[in-house]
$ cat structure34.pdb   # PDB, C-alpha atoms
MODEL        1
ATOM      1  CA  MET M   1    -303.692 -64.422 -48.460
ATOM      2  CA  CYS M   2    -303.342 -61.637 -45.925
ATOM      3  CA  GLY M   3    -304.128 -58.327 -47.595
ATOM      4  CA  ARG M   4    -305.415 -56.167 -44.742
ATOM      5  CA  TYR M   5    -304.730 -56.066 -41.010
ATOM      6  CA  THR M   6    -305.287 -53.933 -37.920
ATOM      7  CA  ILE M   7    -302.875 -52.387 -35.476
ATOM      8  CA  LYS M   8    -305.089 -50.256 -33.276
ATOM      9  CA  LYS M   9    -302.849 -50.394 -30.200
ATOM     10  CA  ASN M  10    -299.217 -49.359 -29.787
ATOM     11  CA  PRO M  11    -297.174 -52.612 -29.679
ATOM     12  CA  SER M  12    -294.154 -51.080 -27.893
ATOM     13  CA  ASP M  13    -294.880 -52.337 -24.345
ATOM     14  CA  TYR M  14    -295.872 -55.774 -25.637
ATOM     15  CA  LEU M  15    -292.659 -56.043 -27.655
ATOM     16  CA  ARG M  16    -290.596 -55.059 -24.619
ATOM     17  CA  GLN M  17    -292.144 -57.992 -22.742
ATOM     18  CA  VAL M  18    -291.361 -60.427 -25.548
ATOM     19  CA  PHE M  19    -287.889 -58.977 -26.214
ATOM     20  CA  PRO M  20    -286.497 -57.395 -23.002
ATOM     21  CA  GLY M  21    -283.499 -55.995 -24.905
ATOM     22  CA  ILE M  22    -285.389 -54.641 -27.902
ATOM     23  CA  GLN M  23    -284.322 -51.318 -29.399
ATOM     24  CA  PHE M  24    -286.539 -48.869 -31.243
ATOM     25  CA  ASP M  25    -285.709 -46.767 -34.246
ATOM     26  CA  PRO M  26    -285.440 -43.128 -33.026
ATOM     27  CA  ALA M  27    -287.726 -42.210 -35.928
ATOM     28  CA  PHE M  28    -290.356 -44.764 -34.862
ATOM     29  CA  LYS M  29    -293.728 -43.104 -34.385
ATOM     30  CA  PHE M  30    -296.803 -45.255 -33.970
ATOM     31  CA  GLN M  31    -299.978 -44.441 -35.865
ATOM     32  CA  PRO M  32    -303.040 -46.615 -35.075
ATOM     33  CA  ASN M  33    -304.791 -48.018 -38.122
ATOM     34  CA  GLU M  34    -307.923 -50.167 -38.384
ATOM     35  CA  ASN M  35    -307.237 -50.999 -42.031
ATOM     36  CA  VAL M  36    -303.548 -51.391 -42.830
ATOM     37  CA  CYS M  37    -303.140 -51.812 -46.567
ATOM     38  CA  PRO M  38    -300.111 -52.491 -48.777
ATOM     39  CA  THR M  39    -297.629 -49.630 -49.419
ATOM     40  CA  LEU M  40    -298.068 -48.230 -45.892
ATOM     41  CA  GLU M  41    -295.115 -48.082 -43.503
ATOM     42  CA  GLU M  42    -295.843 -50.196 -40.419
ATOM     43  CA  PRO M  43    -294.005 -51.566 -37.341
ATOM     44  CA  VAL M  44    -291.727 -54.528 -37.977
ATOM     45  CA  VAL M  45    -289.185 -56.260 -35.718
ATOM     46  CA  LEU M  46    -285.959 -57.403 -37.341
ATOM     47  CA  ASN M  47    -282.471 -58.474 -36.273
ATOM     48  CA  ALA M  48    -280.008 -55.563 -36.136
ATOM     49  CA  ASN M  49    -276.527 -56.846 -35.297
ATOM     50  CA  GLY M  50    -277.932 -59.511 -33.003
ATOM     51  CA  VAL M  51    -280.446 -57.249 -31.254
ATOM     52  CA  PRO M  52    -284.226 -57.143 -31.911
ATOM     53  CA  PHE M  53    -284.966 -53.781 -33.503
ATOM     54  CA  CYS M  54    -288.377 -52.227 -34.136
ATOM     55  CA  THR M  55    -288.683 -49.891 -37.081
ATOM     56  CA  LEU M  56    -291.098 -48.933 -39.846
ATOM     57  CA  LEU M  57    -290.945 -50.758 -43.187
ATOM     58  CA  ARG M  58    -293.206 -50.474 -46.202
ATOM     59  CA  TRP M  59    -295.588 -53.383 -46.809
ATOM     60  CA  GLY M  60    -294.956 -54.845 -50.256
ATOM     61  CA  LEU M  61    -291.620 -56.583 -50.808
ATOM     62  CA  ILE M  62    -289.267 -55.320 -53.504
ATOM     63  CA  PRO M  63    -286.271 -57.689 -53.851
ATOM     64  CA  SER M  64    -282.831 -56.072 -53.680
ATOM     65  CA  TRP M  65    -282.022 -57.209 -57.222
ATOM     66  CA  SER M  66    -285.003 -55.472 -58.814
ATOM     67  CA  ARG M  67    -283.959 -53.100 -61.582
ATOM     68  CA  GLU M  68    -286.763 -50.699 -60.821
ATOM     69  CA  GLU M  69    -289.461 -50.204 -58.253
ATOM     70  CA  LYS M  70    -292.414 -52.483 -58.886
ATOM     71  CA  PRO M  71    -295.625 -50.745 -59.866
ATOM     72  CA  GLY M  72    -298.526 -51.078 -57.457
ATOM     73  CA  THR M  73    -298.065 -52.705 -54.071
ATOM     74  CA  GLY M  74    -295.018 -54.939 -54.460
ATOM     75  CA  ILE M  75    -295.265 -58.513 -53.160
ATOM     76  CA  ILE M  76    -297.415 -58.472 -50.033
ATOM     77  CA  ASN M  77    -297.450 -62.224 -49.252
ATOM     78  CA  ALA M  78    -294.970 -65.080 -49.610
ATOM     79  CA  ARG M  79    -296.246 -68.653 -49.587
ATOM     80  CA  SER M  80    -294.435 -70.591 -46.865
ATOM     81  CA  GLU M  81    -294.460 -73.706 -49.050
ATOM     82  CA  THR M  82    -292.139 -72.074 -51.614
ATOM     83  CA  VAL M  83    -290.439 -69.221 -49.719
ATOM     84  CA  ALA M  84    -287.122 -71.107 -49.561
ATOM     85  CA  GLU M  85    -287.043 -71.607 -53.337
ATOM     86  CA  LYS M  86    -288.511 -68.613 -55.155
ATOM     87  CA  PRO M  87    -285.932 -66.058 -56.359
ATOM     88  CA  SER M  88    -287.905 -63.138 -54.933
ATOM     89  CA  PHE M  89    -287.888 -64.618 -51.431
ATOM     90  CA  LYS M  90    -285.099 -67.136 -50.841
ATOM     91  CA  ALA M  91    -282.300 -64.705 -49.941
ATOM     92  CA  SER M  92    -284.515 -62.805 -47.512
ATOM     93  CA  PHE M  93    -285.774 -66.074 -46.009
ATOM     94  CA  ARG M  94    -282.191 -67.074 -45.251
ATOM     95  CA  ARG M  95    -280.913 -63.761 -43.904
ATOM     96  CA  LYS M  96    -283.677 -61.163 -43.454
ATOM     97  CA  ARG M  97    -286.556 -62.601 -41.476
ATOM     98  CA  CYS M  98    -288.793 -60.309 -39.440
ATOM     99  CA  LEU M  99    -291.903 -60.176 -37.283
ATOM    100  CA  VAL M 100    -294.998 -58.114 -38.011
ATOM    101  CA  PRO M 101    -296.997 -57.239 -34.857
ATOM    102  CA  VAL M 102    -300.733 -56.927 -35.517
ATOM    103  CA  ASP M 103    -303.818 -57.055 -33.313
ATOM    104  CA  GLY M 104    -306.003 -58.616 -35.989
ATOM    105  CA  PHE M 105    -306.366 -59.260 -39.704
ATOM    106  CA  TYR M 106    -309.249 -59.345 -42.174
ATOM    107  CA  GLU M 107    -310.569 -61.981 -44.531
ATOM    108  CA  TRP M 108    -313.723 -61.879 -46.649
ATOM    109  CA  LYS M 109    -316.159 -64.794 -47.002
ATOM    110  CA  LYS M 110    -317.993 -65.356 -50.261
ATOM    111  CA  THR M 111    -321.755 -65.487 -49.783
ATOM    112  CA  GLY M 112    -322.725 -67.053 -53.104
ATOM    113  CA  VAL M 113    -324.888 -64.026 -53.856
ATOM    114  CA  GLY M 114    -323.232 -62.242 -56.753
ATOM    115  CA  SER M 115    -319.995 -60.590 -55.684
ATOM    116  CA  LYS M 116    -321.146 -59.950 -52.102
ATOM    117  CA  LYS M 117    -318.630 -60.910 -49.410
ATOM    118  CA  ILE M 118    -318.798 -60.692 -45.621
ATOM    119  CA  PRO M 119    -315.713 -59.269 -43.865
ATOM    120  CA  TYR M 120    -314.375 -60.968 -40.737
ATOM    121  CA  ARG M 121    -311.696 -59.758 -38.373
ATOM    122  CA  PHE M 122    -309.568 -62.509 -36.814
ATOM    123  CA  TYR M 123    -307.726 -61.974 -33.524
ATOM    124  CA  ARG M 124    -307.023 -63.652 -30.160
ATOM    125  CA  LYS M 125    -308.934 -62.714 -27.050
ATOM    126  CA  SER M 126    -306.159 -64.252 -24.943
ATOM    127  CA  ASP M 127    -303.355 -62.152 -26.441
ATOM    128  CA  PRO M 128    -303.345 -58.469 -27.434
ATOM    129  CA  PHE M 129    -301.102 -59.053 -30.448
ATOM    130  CA  LEU M 130    -300.284 -61.638 -33.073
ATOM    131  CA  LEU M 131    -296.685 -61.895 -34.267
ATOM    132  CA  LEU M 132    -296.733 -62.703 -37.981
ATOM    133  CA  ALA M 133    -293.757 -64.264 -39.728
ATOM    134  CA  GLY M 134    -292.308 -61.981 -42.362
ATOM    135  CA  ILE M 135    -289.319 -61.391 -44.597
ATOM    136  CA  TRP M 136    -287.805 -58.069 -45.601
ATOM    137  CA  ASP M 137    -285.357 -56.625 -48.085
ATOM    138  CA  GLU M 138    -283.822 -53.324 -49.069
ATOM    139  CA  TRP M 139    -283.786 -51.859 -52.546
ATOM    140  CA  GLU M 140    -281.435 -49.107 -53.649
ATOM    141  CA  ARG M 141    -283.085 -46.293 -55.528
ATOM    142  CA  PRO M 142    -281.815 -42.857 -56.585
ATOM    143  CA  MET M 143    -283.466 -41.062 -53.642
ATOM    144  CA  GLY M 144    -282.244 -43.575 -51.059
ATOM    145  CA  ILE M 145    -282.731 -47.129 -49.780
ATOM    146  CA  LEU M 146    -286.288 -48.457 -49.583
ATOM    147  CA  ARG M 147    -286.920 -51.209 -47.022
ATOM    148  CA  THR M 148    -289.972 -53.389 -47.590
ATOM    149  CA  PHE M 149    -291.551 -56.545 -46.170
ATOM    150  CA  ALA M 150    -293.921 -59.398 -47.002
ATOM    151  CA  ILE M 151    -296.016 -61.621 -44.723
ATOM    152  CA  LEU M 152    -295.736 -65.406 -44.940
ATOM    153  CA  THR M 153    -298.923 -67.412 -45.404
ATOM    154  CA  THR M 154    -299.888 -71.057 -45.073
ATOM    155  CA  ALA M 155    -303.014 -73.196 -45.428
ATOM    156  CA  ALA M 156    -305.819 -72.129 -43.107
ATOM    157  CA  ASN M 157    -306.444 -73.989 -39.878
ATOM    158  CA  ALA M 158    -309.897 -74.975 -38.638
ATOM    159  CA  SER M 159    -310.623 -71.604 -37.044
ATOM    160  CA  ILE M 160    -310.509 -69.754 -40.374
ATOM    161  CA  ALA M 161    -310.935 -72.376 -43.123
ATOM    162  CA  ASP M 162    -314.665 -71.739 -43.606
ATOM    163  CA  VAL M 163    -313.882 -68.121 -44.508
ATOM    164  CA  HIS M 164    -310.623 -68.405 -46.449
ATOM    165  CA  ASP M 165    -308.200 -71.146 -47.487
ATOM    166  CA  ARG M 166    -305.048 -69.232 -46.470
ATOM    167  CA  MET M 167    -303.874 -67.510 -43.295
ATOM    168  CA  PRO M 168    -300.743 -65.710 -42.104
ATOM    169  CA  VAL M 169    -298.074 -67.712 -40.289
ATOM    170  CA  ILE M 170    -298.439 -66.786 -36.597
ATOM    171  CA  LEU M 171    -295.447 -67.398 -34.336
ATOM    172  CA  ASP M 172    -295.585 -67.984 -30.598
ATOM    173  CA  LYS M 173    -293.183 -66.423 -28.114
ATOM    174  CA  LYS M 174    -291.029 -69.559 -28.018
ATOM    175  CA  GLN M 175    -290.380 -69.353 -31.753
ATOM    176  CA  VAL M 176    -289.590 -65.683 -32.271
ATOM    177  CA  ASP M 177    -285.910 -65.762 -31.315
ATOM    178  CA  GLN M 178    -285.227 -68.628 -33.702
ATOM    179  CA  TRP M 179    -287.137 -66.847 -36.451
ATOM    180  CA  LEU M 180    -285.125 -63.639 -36.069
ATOM    181  CA  ALA M 181    -281.749 -65.365 -35.674
ATOM    182  CA  ARG M 182    -279.343 -64.789 -38.552
ATOM    183  CA  ASN M 183    -278.914 -68.493 -39.083
ATOM    184  CA  GLU M 184    -278.977 -69.482 -42.730
ATOM    185  CA  ASP M 185    -279.883 -73.068 -41.844
ATOM    186  CA  THR M 186    -283.642 -72.779 -42.319
ATOM    187  CA  SER M 187    -284.396 -76.506 -42.210
ATOM    188  CA  GLN M 188    -286.126 -76.294 -38.814
ATOM    189  CA  LEU M 189    -288.251 -73.274 -39.673
ATOM    190  CA  SER M 190    -290.665 -75.235 -41.838
ATOM    191  CA  ASN M 191    -292.080 -76.678 -38.597
ATOM    192  CA  PHE M 192    -293.513 -73.226 -37.919
ATOM    193  CA  PHE M 193    -295.697 -73.367 -41.034
ATOM    194  CA  ASP M 194    -297.917 -76.305 -40.086
ATOM    195  CA  PRO M 195    -301.466 -74.873 -39.892
ATOM    196  CA  GLU M 196    -302.475 -77.505 -37.344
ATOM    197  CA  LYS M 197    -299.875 -76.055 -34.959
ATOM    198  CA  LEU M 198    -300.978 -72.460 -35.402
ATOM    199  CA  PRO M 199    -303.205 -70.935 -32.709
ATOM    200  CA  ALA M 200    -306.982 -71.049 -32.882
ATOM    201  CA  LEU M 201    -308.349 -67.583 -33.606
ATOM    202  CA  ASP M 202    -311.372 -65.673 -32.432
ATOM    203  CA  ARG M 203    -313.445 -63.757 -34.961
ATOM    204  CA  GLU M 204    -315.940 -60.974 -35.351
ATOM    205  CA  GLU M 205    -318.273 -60.548 -38.301
ATOM    206  CA  LEU M 206    -318.385 -56.993 -39.616
ATOM    207  CA  ASP M 207    -320.818 -54.999 -41.709
ATOM    208  CA  LYS M 208    -317.929 -53.317 -43.459
ATOM    209  CA  VAL M 209    -314.259 -52.468 -43.031
ATOM    210  CA  LYS M 210    -313.361 -48.848 -42.432
ATOM    211  CA  SER M 211    -311.532 -47.153 -45.280
ATOM    212  CA  ALA M 212    -307.750 -47.343 -45.180
ATOM    213  CA  VAL M 213    -306.052 -44.392 -43.495
TER     214      VAL M 213
ENDMDL
END
$ encode --input "structure34.pdb" --output "structure tokens"
Amino acid sequence: MCGRYTIKKNPSDYLRQVFPGIQFDPAFKFQPNENVCPTLEEPVVLNANGVPFCTLLRWGLIPSWSREEKPGTGIINARSETVAEKPSFKASFRRKRCLVPVDGFYEWKKTGVGSKKIPYRFYRKSDPFLLLAGIWDEWERPMGILRTFAILTTAANASIADVHDRMPVILDKKQVDQWLARNEDTSQLSNFFDPEKLPALDREELDKVKSAV
């Protein structure tokens, strides 16, 4: 799974390079965070009337048909193997796909000594950001609409498999336009989920992860 990530640098300039016509929510205000956890509002790129649009959404998907807000964090990850079928995800997968810019994410490796685990941060030295595949939805509540997102995961590739058996789906710059397109034919998107085609990641072993902000 992907349950914590980092976004220590403002992604705005990077996103302008990837999407020359991108627009930003006037209310968008970047806050760096070395330990992004579920329920926080973080930068997400979605399709707004055919134009890439960067805004803040809350991490932890609440499907539009939910009768009430889920307790706790909502659904933070969606398995790519079943995202097209599960009721909580399939409508968003068809019509509300998004990108989550991060500059790294955490996984913890079991040591075999009691409950002790070693945290690792995964990132790419060759690229300042990773663009994670996500889905989003909006839920109507009495005080207004709540927009939330989840990150897609797949089986881990060789660069992470010794630490964890899952990893987020990372898209390259050639795939992002197709991912954001409002095309309900998702048959070609499953090609993006093959762990052997995902980029190799660099890593750093950490003593601990800073507390969430």
$ resolve_selection --input "structure34.pdb" --expression "the PyMOL selection byres ((chain M and resi 130-140) around 6)" --output "list in words"
Pro63, Ser64, Ser92, Lys96, Arg97, Cys98, Leu99, Val100, Pro101, Val102, Asp103, Phe129, Arg141, Ile145, Leu146, Arg147, Thr148, Phe149, Ala150, Ile151, Leu152, Val169, Ile170 and Leu171 of chain M
$ resolve_selection --input "structure34.pdb" --expression "the PyMOL selection byres ((chain M and resi 46) around 7)" --output "tab-separated table (two decimals) with C-alpha atoms, in the frame of the given file"
chain	number	residue	atom	x	y	z
M	44	VAL	CA	-291.73	-54.53	-37.98
M	45	VAL	CA	-289.18	-56.26	-35.72
M	47	ASN	CA	-282.47	-58.47	-36.27
M	48	ALA	CA	-280.01	-55.56	-36.14
M	52	PRO	CA	-284.23	-57.14	-31.91
M	53	PHE	CA	-284.97	-53.78	-33.50
M	54	CYS	CA	-288.38	-52.23	-34.14
M	97	ARG	CA	-286.56	-62.60	-41.48
M	98	CYS	CA	-288.79	-60.31	-39.44
M	99	LEU	CA	-291.90	-60.18	-37.28
M	180	LEU	CA	-285.12	-63.64	-36.07
$ residues_near_point --input "structure34.pdb" --point "(-307.5, -73.7, -47.5)" --cutoff "10 Å" --atoms "all atoms listed in the file" --output "PDB file with C-alpha atoms, in the frame of the given file"
ATOM      1  CA  THR M 154    -299.888 -71.057 -45.073  1.00  0.00           C
ATOM      2  CA  ALA M 155    -303.014 -73.196 -45.428  1.00  0.00           C
ATOM      3  CA  ALA M 156    -305.819 -72.129 -43.107  1.00  0.00           C
ATOM      4  CA  ASN M 157    -306.444 -73.989 -39.878  1.00  0.00           C
ATOM      5  CA  ALA M 158    -309.897 -74.975 -38.638  1.00  0.00           C
ATOM      6  CA  ILE M 160    -310.509 -69.754 -40.374  1.00  0.00           C
ATOM      7  CA  ALA M 161    -310.935 -72.376 -43.123  1.00  0.00           C
ATOM      8  CA  ASP M 162    -314.665 -71.739 -43.606  1.00  0.00           C
ATOM      9  CA  VAL M 163    -313.882 -68.121 -44.508  1.00  0.00           C
ATOM     10  CA  HIS M 164    -310.623 -68.405 -46.449  1.00  0.00           C
ATOM     11  CA  ASP M 165    -308.200 -71.146 -47.487  1.00  0.00           C
ATOM     12  CA  ARG M 166    -305.048 -69.232 -46.470  1.00  0.00           C
ATOM     13  CA  MET M 167    -303.874 -67.510 -43.295  1.00  0.00           C
ATOM     14  CA  PRO M 195    -301.466 -74.873 -39.892  1.00  0.00           C
TER      15      PRO M 195
END
$ resolve_selection --input "structure34.pdb" --expression "the PyMOL selection byres ((chain M and resi 23-35) around 6)" --output "ChimeraX atom specification"
/M:5-8,22,36,53-55,212
$ closest_residue --input "structure34.pdb" --among "M:Lys109, M:Lys173, M:Lys117, M:Arg182" --to "Arg95 of chain M" --atoms "only C-alpha atoms"
M:Arg182
$ closest_residue --input "structure34.pdb" --among "M:Lys116, M:Arg16, M:Arg79, M:Arg121" --to "Glu205 of chain M" --atoms "only C-alpha atoms"
M:Arg121
$ atom_distance --input "structure34.pdb" --atom1 "atom CA of Phe105 of chain M" --atom2 "atom CA of Ala91 of chain M"
26.7 Å
$ atom_distance --input "structure34.pdb" --atom1 "atom CA of Pro119 of chain M" --atom2 "atom CA of Gly104 of chain M"
12.5 Å
